[in-house]
Amino acid sequence: MRRLGMIGLAVIFSIGGFANAALAAPADDFQAALAKAEAANKQAGALKNQWTTTAQELKTAQAAAAAGHYDEAIKDAQHALALAEASIAQAKEQAAVWKQAVVR
Amino acid sequence: MRRAVMLGLAMLALAAPYALAAESQAADAVNPQADFKAFRKYFTERFPKVPLNDFVNGPYSMDAGLRKQWEEIDAFPPYQFAVDKGKEMFATPFADGKTYADCFPDKGIGIRQNYPYFDGKSGEVITLDVALNQCREANGEKPLDYSKDDMAALTAYMAFTSRGKPFDIKIPDDPRALAAYQKGEEYFYTRRGQLNLSCASCHVQNPGGHLRTEVLAPALGIVAALPIYRSEWGGMGTTSRRLTSCNSQVRATPLKPEDEQYRDLEYYLSYMSNGLPISGPGARP
């Protein structure tokens with residue numbers, strides 16, 4: 001009986017552990033996605049070419065995560081990363097081509 | 001004879017790549033005078049019916065209906081309150097007893113057309129707004145916010161005392177000044193923001209066109225009316241306010257007011273306006 005009780009407790013603790021891990025995984029995934037997006041946006045800032053929409057999307061992602069909607073938050077963070085990367089690509093491309101637009 | 005001809009041809013063949021490289025280098029070389037001529041020619045040929053000095057009136061030089069509204073509004077100028085406030089501020093002594101007049105040539109009256117200028121000491125472009133804050137700090141006062149009403153009032157007054165005076169922006173024989181000019185030109189023509197528009201997209205490629213209900217001003221003379229009262233804002237706005245709001249409108253994160261890039265941009269645009277009269281402070285939709 002006692003052994004059954006111990007086994008039962010072990011099962012309960014294991015389930016709890018898995019549940020915690022299951023809850024932590026999306027939160028960790030979000031943090032990773034957010035960190036990538038923020039790093040890219042910082043790089044865009046160094047090029048003095050951030051977009052307002054990137055900052056908005058980062059806020060949206062953080063708000064979704066705060067509400068526990070991690071799937072949505074991760075998508076928003078990934079979208080923010082895409083916007084940041086596009087702003088970096090824009091800065092690099094424009095540095096090479098702006099002269100073509102100059103009135104001569 | 002044949003050998004001489006062959007030798008000559010060989011020499012030409014060797015020289016050609018150097019000539020092309022020199023031509024390419026020449027195209028890349030900064031030449032404000034050539035830029036000025038090309039810029040002026042572009043706008044005067046595109047709008048042959050607009051008198052040269054009228055370009056400083058921005059959208060009103062492009063649209064007759066808008067011009068009529070502006071002429072009616074100008075009977076009671078919406079910027080007058082700012083000019084009056086600026087005049088009072090200008091004359092009010094600092095805590096140390098000095099005034100703004102002590103910081104500027106000709107006591108600060110009728111000098112707006114000389115700004116911005118390249119300061120050889122700091123190696124930077126100094127706009128009128130920056131010069132005003134330098135004056136304040138030199139006399140123990142806190143600097144004014146570059147985007148807010150007090151700075152707009154001071155610059156409105158100084159522009160008003162300079163109305164009609166032709167822009168006289170100098171680029172000294174200093175590689176740093178040329179670099180600042182070119183950085184301003186680069187900023188002007190560089191696409192930015194999620195909407196991927198440059199200043200030139202609107203003000204070179206589409207002046208006179210519409211952006212929703214707004215008529216786009218030509219870039220020639222575009223800084224002459226600053227600071228401006230904008231009906232959209234319900235108040236006055238400085239150069240900084242205009243530039244930061246333009247950035248936001250194309251979804252580009254604005255820089256800090258009077259950032260080096262903005263000052264270089266103002267330097268470039270002001271040089272392009274040389275000879276055109278100060279028309280500020282202005283009123284815009």
# chains A, B, ... in the order shown; residues from 1 in each chain; ligands from 1
call {"tool": "interface_residues", "arguments": {"of": "chain A", "to": "chain B", "cutoff": "8 Å", "atoms": "only C-alpha atoms", "output": "ChimeraX atom specification"}}
result
/A:48-53,87,90-91,94-95,98-99,101-104
call {"tool": "residues_around", "arguments": {"residues": "Leu144 in chain B", "least_positions_apart": "5", "cutoff": "8 Å", "atoms": "only C-alpha atoms", "output": "PyMOL selection string"}}
result
chain B and resi 133+150-151
call {"tool": "residues_around", "arguments": {"residues": "Lys59 in chain A", "least_positions_apart": "4", "cutoff": "10 Å", "atoms": "only C-alpha atoms", "output": "list in words"}}
result
Thr53, Thr54, Ala55, Ala63, Ala64, Ala65, Ala73, Asp76, Ala77 and Ala80 of chain A
call {"tool": "write_last_selection", "arguments": {"atoms": "N, CA and C atoms", "output": "mmCIF file, in the first residue's frame"}}
result
data_model
loop_
_atom_site.group_PDB
_atom_site.id
_atom_site.type_symbol
_atom_site.label_atom_id
_atom_site.label_comp_id
_atom_site.auth_asym_id
_atom_site.auth_seq_id
_atom_site.Cartn_x
_atom_site.Cartn_y
_atom_site.Cartn_z
ATOM 1 N N THR A 53 7.029 50.309 -37.471
ATOM 2 C CA THR A 53 6.210 49.099 -37.423
ATOM 3 C C THR A 53 6.944 47.958 -36.715
ATOM 4 N N THR A 54 8.259 47.953 -36.758
ATOM 5 C CA THR A 54 9.024 46.923 -36.034
ATOM 6 C C THR A 54 8.818 47.110 -34.536
ATOM 7 N N ALA A 55 8.944 48.335 -34.080
ATOM 8 C CA ALA A 55 8.774 48.624 -32.651
ATOM 9 C C ALA A 55 7.361 48.266 -32.194
ATOM 10 N N ALA A 63 3.025 42.015 -25.386
ATOM 11 C CA ALA A 63 1.692 42.064 -24.771
ATOM 12 C C ALA A 63 1.027 40.699 -24.852
ATOM 13 N N ALA A 64 1.179 40.044 -25.991
ATOM 14 C CA ALA A 64 0.579 38.716 -26.154
ATOM 15 C C ALA A 64 1.203 37.724 -25.185
ATOM 16 N N ALA A 65 2.531 37.817 -25.031
ATOM 17 C CA ALA A 65 3.226 36.909 -24.103
ATOM 18 C C ALA A 65 2.780 37.175 -22.673
ATOM 19 N N ALA A 73 2.281 35.271 -29.592
ATOM 20 C CA ALA A 73 3.436 36.102 -29.262
ATOM 21 C C ALA A 73 4.644 35.707 -30.099
ATOM 22 N N ASP A 76 4.205 37.004 -33.587
ATOM 23 C CA ASP A 76 4.436 38.453 -33.625
ATOM 24 C C ASP A 76 5.932 38.759 -33.569
ATOM 25 N N ALA A 77 6.644 38.023 -32.726
ATOM 26 C CA ALA A 77 8.089 38.237 -32.612
ATOM 27 C C ALA A 77 8.789 37.875 -33.914
ATOM 28 N N ALA A 80 8.182 40.648 -36.262
ATOM 29 C CA ALA A 80 9.064 41.776 -35.917
ATOM 30 C C ALA A 80 10.475 41.537 -36.452
#
call {"tool": "closest_residue", "arguments": {"among": "A:Ala46, A:Ala27, A:Leu81, A:Val97", "to": "Ala67 in chain A", "atoms": "only C-alpha atoms"}}
result
A:Ala27
call {"tool": "residues_around", "arguments": {"residues": "range 97-101 of chain B", "least_positions_apart": "3", "cutoff": "12 Å", "atoms": "only C-alpha atoms", "output": "MDAnalysis selection string"}}
result
chainID B and resid 86:94 104:111 128 131:141 154:155 158
call {"tool": "write_last_selection", "arguments": {"atoms": "C-alpha atoms", "output": "short mmCIF file (atom, residue, chain, number, x, y, z; two decimals), in the first residue's frame"}}
result
data_model
loop_
_atom_site.label_atom_id
_atom_site.label_comp_id
_atom_site.auth_asym_id
_atom_site.auth_seq_id
_atom_site.Cartn_x
_atom_site.Cartn_y
_atom_site.Cartn_z
CA GLY B 86 9.31 85.12 -30.22
CA LYS B 87 9.95 88.87 -30.28
CA GLU B 88 9.24 89.07 -26.55
CA MET B 89 11.45 86.07 -25.78
CA PHE B 90 14.24 87.49 -27.94
CA ALA B 91 14.25 90.75 -26.01
CA THR B 92 13.94 89.21 -22.53
CA PRO B 93 17.32 89.11 -20.76
CA PHE B 94 18.75 85.86 -19.44
CA PHE B 104 24.51 86.76 -33.05
CA PRO B 105 25.90 89.10 -35.68
CA ASP B 106 23.77 92.19 -36.39
CA LYS B 107 22.10 91.57 -33.01
CA GLY B 108 20.32 88.57 -34.51
CA ILE B 109 18.12 90.65 -36.80
CA GLY B 110 17.89 89.75 -40.47
CA ILE B 111 20.35 86.85 -40.32
CA LEU B 128 19.67 78.39 -36.28
CA ALA B 131 22.76 78.24 -32.41
CA LEU B 132 19.92 79.54 -30.24
CA ASN B 133 20.40 76.74 -27.73
CA GLN B 134 24.17 77.27 -27.76
CA CYS B 135 23.43 80.90 -26.89
CA ARG B 136 21.19 79.87 -24.02
CA GLU B 137 23.71 77.40 -22.61
CA ALA B 138 26.56 79.90 -22.94
CA ASN B 139 24.51 82.21 -20.73
CA GLY B 140 23.60 79.63 -18.10
CA GLU B 141 20.13 78.84 -19.40
CA LEU B 154 12.09 82.30 -31.51
CA THR B 155 12.86 81.00 -34.99
CA MET B 158 14.09 85.57 -36.54
#
